[in-house]
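Student: Okay, here's the structure, questions in a sec.
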Number of protein chains: 2
Amino acid sequence: VNQAFLDRVRIVLVNTSHPGNIGGTARAMKNMGLSQLFLVDPRKYPHDEATRRASNADDVLEGAVVVDSLSQALAGCDLVIGTSARERRIPWPLKDPRATAAEAISSRYQGNIAILFGREHSGLTNDELQMCHLHMHIPTNPDYSSLNLAAAVQVVAYEFRMLALDAPIEVGEESGWDMPLADAADVERMHEHMAATLASINFIDPDNPKQALTRLRRMFARIRLDDMEVSILRGILNRIDKTVAKIKAD
Amino acid sequence: VNQAFLDRVRIVLVNTSHPGNIGGTARAMKNMGLSQLFLVDPRKYPHDEATRRASNADDVLEGAVVVDSLSQALAGCDLVIGTSARERRIPWPLKDPRATAAEAISSRYQGNIAILFGREHSGLTNDELQMCHLHMHIPTNPDYSSLNLAAAVQVVAYEFRMLALDAPIEVGEESGWDMPLADAADVERMHEHMAATLASINFIDPDNPKQALTRLRRMFARIRLDDMEVSILRGILNRIDKTVAKIKAD
């Protein structure tokens with residue numbers, strides 16, 4: 001088993017309502033050899049029901065990191081995967097769990113790999129999905145796709161373990177890159193900066209502010225920015241900001 | 001989806017203790033498009049807890065066939081698969097769920113395919129396992145292999161569905177994209193425009209003009225920009241140009 005790979009996989013539960021699902025997730029993870037659990041603003045946690053459903057996976061539950069915001073959960077991650085049940089209006093790179101695991105084990109990702117699972121009834125918001133490089137869809141029966149949260153984690157964790165059991169797959173597309181891939185939290189800050197700067201030069205259409213930003217996010221998600229690129233883009237934004245400031249000063 | 005194959009898959013729960021697991025199994029099955037459920041001598045069934053856990057998979061639950069003995073559940077089956085957590089004293093043909101599904105879809109099996117899941121704590125007896133052609137083992141973490149019954153059904157049903165799907169889910173720039181890919185000449189003009197604009201805001205280092213531009217070219221080359229993205233990027237450059245022109249006019 002490529003345990004080093006499984007150790008880099010971080011399950012992130014966003015805004016979970018039912019503590020039983022948190023416990024069920026811990027159990028599903030431990031069964032498949034995963035250990036990193038992050039809880040973003042859980043409704044009820046800690047909770048007896050979480051502990052009970054975790055069964056003997058209480059070590060995973062006790063190691064769970066509770067954070068307030070999604071971006072905190074993505075620190076140290078260079079691949080962010082969102083689980084999505086719905087068709088998006090703007091298509092995003094989408095894979096099934098097997099192809100997702102194959103992408104994740106690629107040598108270009110050296111940091112943590114975050115897999116986001118959304119709310120029991122409403123999933124991830126559009127804003128949350130836009131923080132992901134890749135969307136993953138579990139190919140359920142279209143007439144009945146209501147996978148329980150812990151069951152979805154079980155299926156995904158199983159696929160990652162199946163892949164870790166084989167000899168490591170070398171996707172190799174971009175191995176030997178000269179710069180480390182950017183941390184997801186740094187990229188998120190760059191996007192916030194970009195939104196502010198684009199508003200300051202009146203690029204963003206006030207009637208439809210999100211459309212262009214969503215497309216820019218999707219574009220950069222496909223690129224998988226490296227550290228140097230983020231720093232170049234921040235440099236460009238800073239120069240635009242200074243130019244705008246000069247106008248205001250005059 | 002090869003639904004005819006999925007329709008021939010029969011999930012057989014042997015002597016299940018907890019009715020909640022029967023309901024969870026029905027839900028896991030329906031999620032993956034399976035419908036044949038057989039219950040061999042269940043401890044408590046029918047039961048409110050089974051109905052509750054089945055959620056909206058009540059049609060699978062209502063269609064469940066309750067029998068007294070395992071051999072009754074195997075009528076009409078020409079492949080019988082036993083799930084086994086334990087190493088057997090006498091080795092038996094053993095496969096993981098993926099290889100099991102691949103075997104099951106083989107054209108030599110035309111009848112129903114039974115997959116047996118044993119008791120929550122003790123699994124299948126040796127006598128029951130000896131009624132199977134094949135033993136299936138879900139490759140769990142050896143330090144913690146206590147898969148919940150419904151979770152085990154979920155993983156197996158998922159593998160069977162993955163095999164029944166005609167093609168893997170994959171949306172990328174090559175297929176299922178919402179915009180045509182940009183013409184190379186348009187991308188080239190965008191790069192020239194970008195170089196000019198970045199010079200006008202003094203972003204480009206006069207001592208080393210090419211380094212940043214080369215990195216920006218490499219960055220955009222890693223994806224295939226689509227028409228809309230090129231037009232957004234040109235729009236941003238135009239806004240920067242206008243901002244700079246305003247300064248010069250003052």
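Going through the structure tokens in order, the chains are called A, B, and so on, while each chain numbers its residues from 1 and the ligands are numbered from 1 in the order shown.
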DSSP on the backbone, then: every residue of segment 63-208 of chain A marked alpha helix (DSSP H), written as a VMD selection string.

Tutor: chain A and resid 70 to 73 97 to 104 126 to 129 149 to 165 184 to 200

Student: Could you write out the selected residues, including N, CA and C atoms, as a CSV table (one decimal), in the first residue's frame?

Tutor:
chain,number,residue,atom,x,y,z
A,70,LEU,N,-13.8,27.5,4.7
A,70,LEU,CA,-13.2,26.5,3.8
A,70,LEU,C,-11.8,26.8,3.5
A,71,SER,N,-11.4,28.1,3.3
A,71,SER,CA,-10.0,28.4,2.9
A,71,SER,C,-9.0,27.9,4.0
A,72,GLN,N,-9.4,27.9,5.3
A,72,GLN,CA,-8.5,27.4,6.3
A,72,GLN,C,-8.3,25.9,6.1
A,73,ALA,N,-9.3,25.2,5.6
A,73,ALA,CA,-9.2,23.8,5.5
A,73,ALA,C,-8.3,23.4,4.3
A,97,PRO,N,-14.9,9.0,-9.7
A,97,PRO,CA,-13.9,8.8,-8.6
A,97,PRO,C,-12.6,8.1,-9.0
A,98,ARG,N,-12.7,7.2,-10.0
A,98,ARG,CA,-11.5,6.4,-10.4
A,98,ARG,C,-10.6,7.3,-11.1
A,99,ALA,N,-11.1,8.1,-12.1
A,99,ALA,CA,-10.2,9.0,-12.9
A,99,ALA,C,-9.7,10.1,-11.9
A,100,THR,N,-10.5,10.5,-11.0
A,100,THR,CA,-10.0,11.5,-10.0
A,100,THR,C,-8.8,11.0,-9.2
A,101,ALA,N,-9.0,9.8,-8.7
A,101,ALA,CA,-7.9,9.2,-7.9
A,101,ALA,C,-6.6,9.1,-8.8
A,102,ALA,N,-6.8,8.7,-10.0
A,102,ALA,CA,-5.6,8.6,-10.9
A,102,ALA,C,-4.9,9.9,-11.1
A,103,GLU,N,-5.7,11.0,-11.2
A,103,GLU,CA,-5.2,12.3,-11.4
A,103,GLU,C,-4.5,12.7,-10.1
A,104,ALA,N,-5.1,12.4,-8.9
A,104,ALA,CA,-4.5,12.9,-7.7
A,104,ALA,C,-3.2,12.2,-7.3
A,126,ASN,N,-22.0,27.2,-5.2
A,126,ASN,CA,-21.2,27.5,-6.4
A,126,ASN,C,-19.9,28.2,-6.0
A,127,ASP,N,-19.9,29.0,-5.0
A,127,ASP,CA,-18.6,29.6,-4.6
A,127,ASP,C,-17.6,28.6,-4.1
A,128,GLU,N,-18.1,27.6,-3.4
A,128,GLU,CA,-17.2,26.5,-2.9
A,128,GLU,C,-16.7,25.7,-4.0
A,129,LEU,N,-17.6,25.4,-5.0
A,129,LEU,CA,-17.2,24.6,-6.1
A,129,LEU,C,-16.1,25.3,-7.0
A,149,LEU,N,-24.1,10.8,2.9
A,149,LEU,CA,-22.8,11.5,3.0
A,149,LEU,C,-21.7,10.5,3.3
A,150,ALA,N,-21.9,9.7,4.3
A,150,ALA,CA,-20.8,8.7,4.7
A,150,ALA,C,-20.7,7.6,3.6
A,151,ALA,N,-21.7,7.3,2.9
A,151,ALA,CA,-21.6,6.3,1.8
A,151,ALA,C,-20.8,6.9,0.6
A,152,ALA,N,-21.0,8.2,0.4
A,152,ALA,CA,-20.2,8.8,-0.7
A,152,ALA,C,-18.7,8.8,-0.3
A,153,VAL,N,-18.4,9.2,1.0
A,153,VAL,CA,-17.0,9.1,1.4
A,153,VAL,C,-16.5,7.7,1.3
A,154,GLN,N,-17.3,6.7,1.6
A,154,GLN,CA,-16.9,5.3,1.6
A,154,GLN,C,-16.4,5.0,0.2
A,155,VAL,N,-17.3,5.3,-0.8
A,155,VAL,CA,-17.0,5.0,-2.2
A,155,VAL,C,-15.7,5.7,-2.7
A,156,VAL,N,-15.5,6.9,-2.4
A,156,VAL,CA,-14.4,7.7,-2.8
A,156,VAL,C,-13.1,7.2,-2.1
A,157,ALA,N,-13.2,6.9,-0.8
A,157,ALA,CA,-12.0,6.4,0.0
A,157,ALA,C,-11.6,5.1,-0.6
A,158,TYR,N,-12.6,4.3,-0.9
A,158,TYR,CA,-12.3,2.9,-1.5
A,158,TYR,C,-11.5,3.1,-2.8
A,159,GLU,N,-11.9,4.0,-3.7
A,159,GLU,CA,-11.2,4.2,-5.0
A,159,GLU,C,-9.8,4.6,-4.7
A,160,PHE,N,-9.6,5.5,-3.8
A,160,PHE,CA,-8.2,6.0,-3.5
A,160,PHE,C,-7.4,4.9,-2.9
A,161,ARG,N,-8.0,4.0,-2.1
A,161,ARG,CA,-7.3,2.9,-1.6
A,161,ARG,C,-6.9,1.9,-2.7
A,162,MET,N,-7.9,1.6,-3.6
A,162,MET,CA,-7.6,0.7,-4.6
A,162,MET,C,-6.4,1.1,-5.5
A,163,LEU,N,-6.4,2.4,-5.7
A,163,LEU,CA,-5.2,2.9,-6.5
A,163,LEU,C,-3.9,2.8,-5.7
A,164,ALA,N,-4.0,3.1,-4.4
A,164,ALA,CA,-2.8,3.0,-3.5
A,164,ALA,C,-2.3,1.6,-3.4
A,165,LEU,N,-3.1,0.6,-3.7
A,165,LEU,CA,-2.7,-0.8,-3.6
A,165,LEU,C,-1.8,-1.2,-4.8
A,184,ALA,N,-3.4,26.2,-2.3
A,184,ALA,CA,-4.8,26.6,-2.6
A,184,ALA,C,-5.1,27.9,-1.9
A,185,ALA,N,-4.7,28.1,-0.7
A,185,ALA,CA,-5.0,29.3,0.1
A,185,ALA,C,-4.4,30.6,-0.6
A,186,ASP,N,-3.2,30.4,-1.1
A,186,ASP,CA,-2.6,31.6,-1.9
A,186,ASP,C,-3.3,31.9,-3.1
A,187,VAL,N,-3.8,30.9,-3.8
A,187,VAL,CA,-4.5,31.1,-5.0
A,187,VAL,C,-5.8,31.8,-4.7
A,188,GLU,N,-6.4,31.4,-3.6
A,188,GLU,CA,-7.7,32.0,-3.2
A,188,GLU,C,-7.5,33.5,-2.9
A,189,ARG,N,-6.4,33.8,-2.2
A,189,ARG,CA,-6.1,35.2,-2.0
A,189,ARG,C,-5.9,36.0,-3.3
A,190,MET,N,-5.3,35.4,-4.2
A,190,MET,CA,-5.0,36.0,-5.5
A,190,MET,C,-6.4,36.3,-6.2
A,191,HIS,N,-7.3,35.3,-6.1
A,191,HIS,CA,-8.6,35.6,-6.7
A,191,HIS,C,-9.4,36.7,-6.1
A,192,GLU,N,-9.2,36.8,-4.8
A,192,GLU,CA,-9.9,37.9,-4.1
A,192,GLU,C,-9.3,39.3,-4.5
A,193,HIS,N,-8.0,39.3,-4.6
A,193,HIS,CA,-7.3,40.5,-5.1
A,193,HIS,C,-7.7,40.8,-6.5
A,194,MET,N,-7.8,39.8,-7.4
A,194,MET,CA,-8.2,40.0,-8.7
A,194,MET,C,-9.6,40.6,-8.9
A,195,ALA,N,-10.5,40.1,-8.1
A,195,ALA,CA,-11.9,40.6,-8.1
A,195,ALA,C,-11.9,42.1,-7.7
A,196,ALA,N,-11.1,42.4,-6.7
A,196,ALA,CA,-11.1,43.8,-6.3
A,196,ALA,C,-10.5,44.7,-7.4
A,197,THR,N,-9.4,44.3,-7.9
A,197,THR,CA,-8.7,45.1,-8.9
A,197,THR,C,-9.6,45.2,-10.2
A,198,LEU,N,-10.2,44.2,-10.6
A,198,LEU,CA,-11.1,44.2,-11.8
A,198,LEU,C,-12.3,45.1,-11.6
A,199,ALA,N,-12.8,45.2,-10.4
A,199,ALA,CA,-13.8,46.2,-10.1
A,199,ALA,C,-13.3,47.6,-10.2
A,200,SER,N,-12.1,47.8,-9.7
A,200,SER,CA,-11.5,49.1,-9.6
A,200,SER,C,-11.2,49.7,-11.0

Student: On all C-alpha atoms matched in order, how well does chain A superpose onto chain B? Give the RMSD in Å.

Tutor: 23.9 Å

Student: What are the DSSP strand (DSSP E) residues of segment 55-249 of chain B, as an NGL selection string?

Tutor: :B and (65-67 or 77-83 or 94-95 or 112-117 or 134-136 or 170-171)

Student: For Ile90 of chain A, which residue among B:Asn202, B:Arg53, B:Trp177, B:Thr140 is the nearest when counting only C-alpha atoms?

Tutor: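 When distances to Ile90 of chain A are compared using only C-alpha atoms, the smallest one comes from B:Trp177.
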
Student: Using only C-alpha atoms, determine which residues lie at most 12 Å from Ser146 of chain B, disregarding the query and same-chain residues fewer than 6 positions distant; provide the list as number ranges by chain.

Tutor: A: 24, 27-32, 54-57; B: 84-86, 120-123, 138-140, 152

Student: List the neighbours of Ser69 of chain B out to 12 Å using only C-alpha atoms; skip same-chain residues closer than 5 positions along the sequence, and give me the result as number ranges by chain.

Tutor: B: 12-15, 38-42, 74-75, 128

Student: What separation in Å, quoted to one decimal, exists between atom CA of Thr51 of chain A and atom CA of Leu116 of chain A?

Tutor: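 Distance reported for this atom pair: 21.3 Å.
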
Student: Using only C-alpha atoms, which residues sit within 10 Å of Val171 of chain B once same-chain residues fewer than 2 positions away are excluded, as a list in words?

Tutor: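 That gives Pro91, Trp92, Pro93, Leu94, Lys95, Asp96, Leu134 and His135 of chain A; Pro168, Ile169, Glu173, Glu174, Ser175, Gly176 and Trp177 of chain B.
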
Student: With N, CA, C and O atoms retained, could you export that selection as a compact mmCIF listing (two decimals), in the first residue's frame?

Tutor:
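Output file result-v7.txt follows:
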# COMPACT_ATOMS: atom_id res chain seq x y z
N PRO A 91 -19.63 24.42 -17.53
CA PRO A 91 -19.00 23.13 -17.23
C PRO A 91 -17.61 23.29 -16.65
O PRO A 91 -16.88 24.21 -17.01
N TRP A 92 -17.26 22.44 -15.74
CA TRP A 92 -16.00 22.47 -15.03
C TRP A 92 -15.34 21.13 -15.30
O TRP A 92 -16.05 20.15 -15.55
N PRO A 93 -14.01 21.05 -15.26
CA PRO A 93 -13.41 19.72 -15.45
C PRO A 93 -14.02 18.71 -14.46
O PRO A 93 -14.05 18.97 -13.26
N LEU A 94 -14.53 17.61 -14.99
CA LEU A 94 -15.33 16.66 -14.20
C LEU A 94 -14.83 15.24 -14.46
O LEU A 94 -14.59 14.87 -15.60
N LYS A 95 -14.65 14.47 -13.38
CA LYS A 95 -14.23 13.08 -13.53
C LYS A 95 -15.00 12.21 -12.55
O LYS A 95 -15.53 12.70 -11.56
N ASP A 96 -15.01 10.92 -12.82
CA ASP A 96 -15.58 9.99 -11.84
C ASP A 96 -14.52 9.69 -10.78
O ASP A 96 -13.37 10.10 -10.90
N LEU A 134 -11.11 20.55 -9.71
CA LEU A 134 -11.71 19.42 -10.39
C LEU A 134 -13.01 19.08 -9.67
O LEU A 134 -13.07 19.18 -8.45
N HIS A 135 -14.02 18.74 -10.43
CA HIS A 135 -15.26 18.27 -9.82
C HIS A 135 -15.35 16.76 -10.03
O HIS A 135 -15.01 16.25 -11.08
N PRO B 168 -16.43 6.08 -18.99
CA PRO B 168 -16.16 6.84 -17.78
C PRO B 168 -16.65 8.27 -17.94
O PRO B 168 -16.74 8.79 -19.05
N ILE B 169 -16.99 8.89 -16.82
CA ILE B 169 -17.39 10.29 -16.86
C ILE B 169 -16.14 11.13 -17.03
O ILE B 169 -15.17 10.97 -16.29
N GLU B 173 -11.53 19.95 -21.60
CA GLU B 173 -11.57 20.91 -22.70
C GLU B 173 -11.92 20.22 -24.02
O GLU B 173 -12.40 20.85 -24.95
N GLU B 174 -11.66 18.92 -24.09
CA GLU B 174 -11.85 18.24 -25.37
C GLU B 174 -13.30 17.83 -25.59
O GLU B 174 -13.74 17.72 -26.72
N SER B 175 -14.03 17.56 -24.50
CA SER B 175 -15.40 17.08 -24.72
C SER B 175 -16.34 17.71 -23.71
O SER B 175 -15.98 17.94 -22.57
N GLY B 176 -17.52 18.01 -24.15
CA GLY B 176 -18.55 18.53 -23.26
C GLY B 176 -18.30 19.95 -22.81
O GLY B 176 -18.87 20.39 -21.81
N TRP B 177 -17.43 20.67 -23.50
CA TRP B 177 -17.11 22.04 -23.10
C TRP B 177 -18.15 23.00 -23.68
O TRP B 177 -18.73 22.73 -24.73

Student: One number please: atom CA of Ala249 of chain A to atom CA of Ala245 of chain B, in Å, one decimal.

Tutor: 15.5 Å

Student: In Å, rounded to a single decimal, give me how far atom CA of Gly63 of chain B is from atom CA of Pro142 of chain A.

Tutor: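 Going from atom CA of Pro142 of chain A over to atom CA of Gly63 of chain B covers 20.1 Å.
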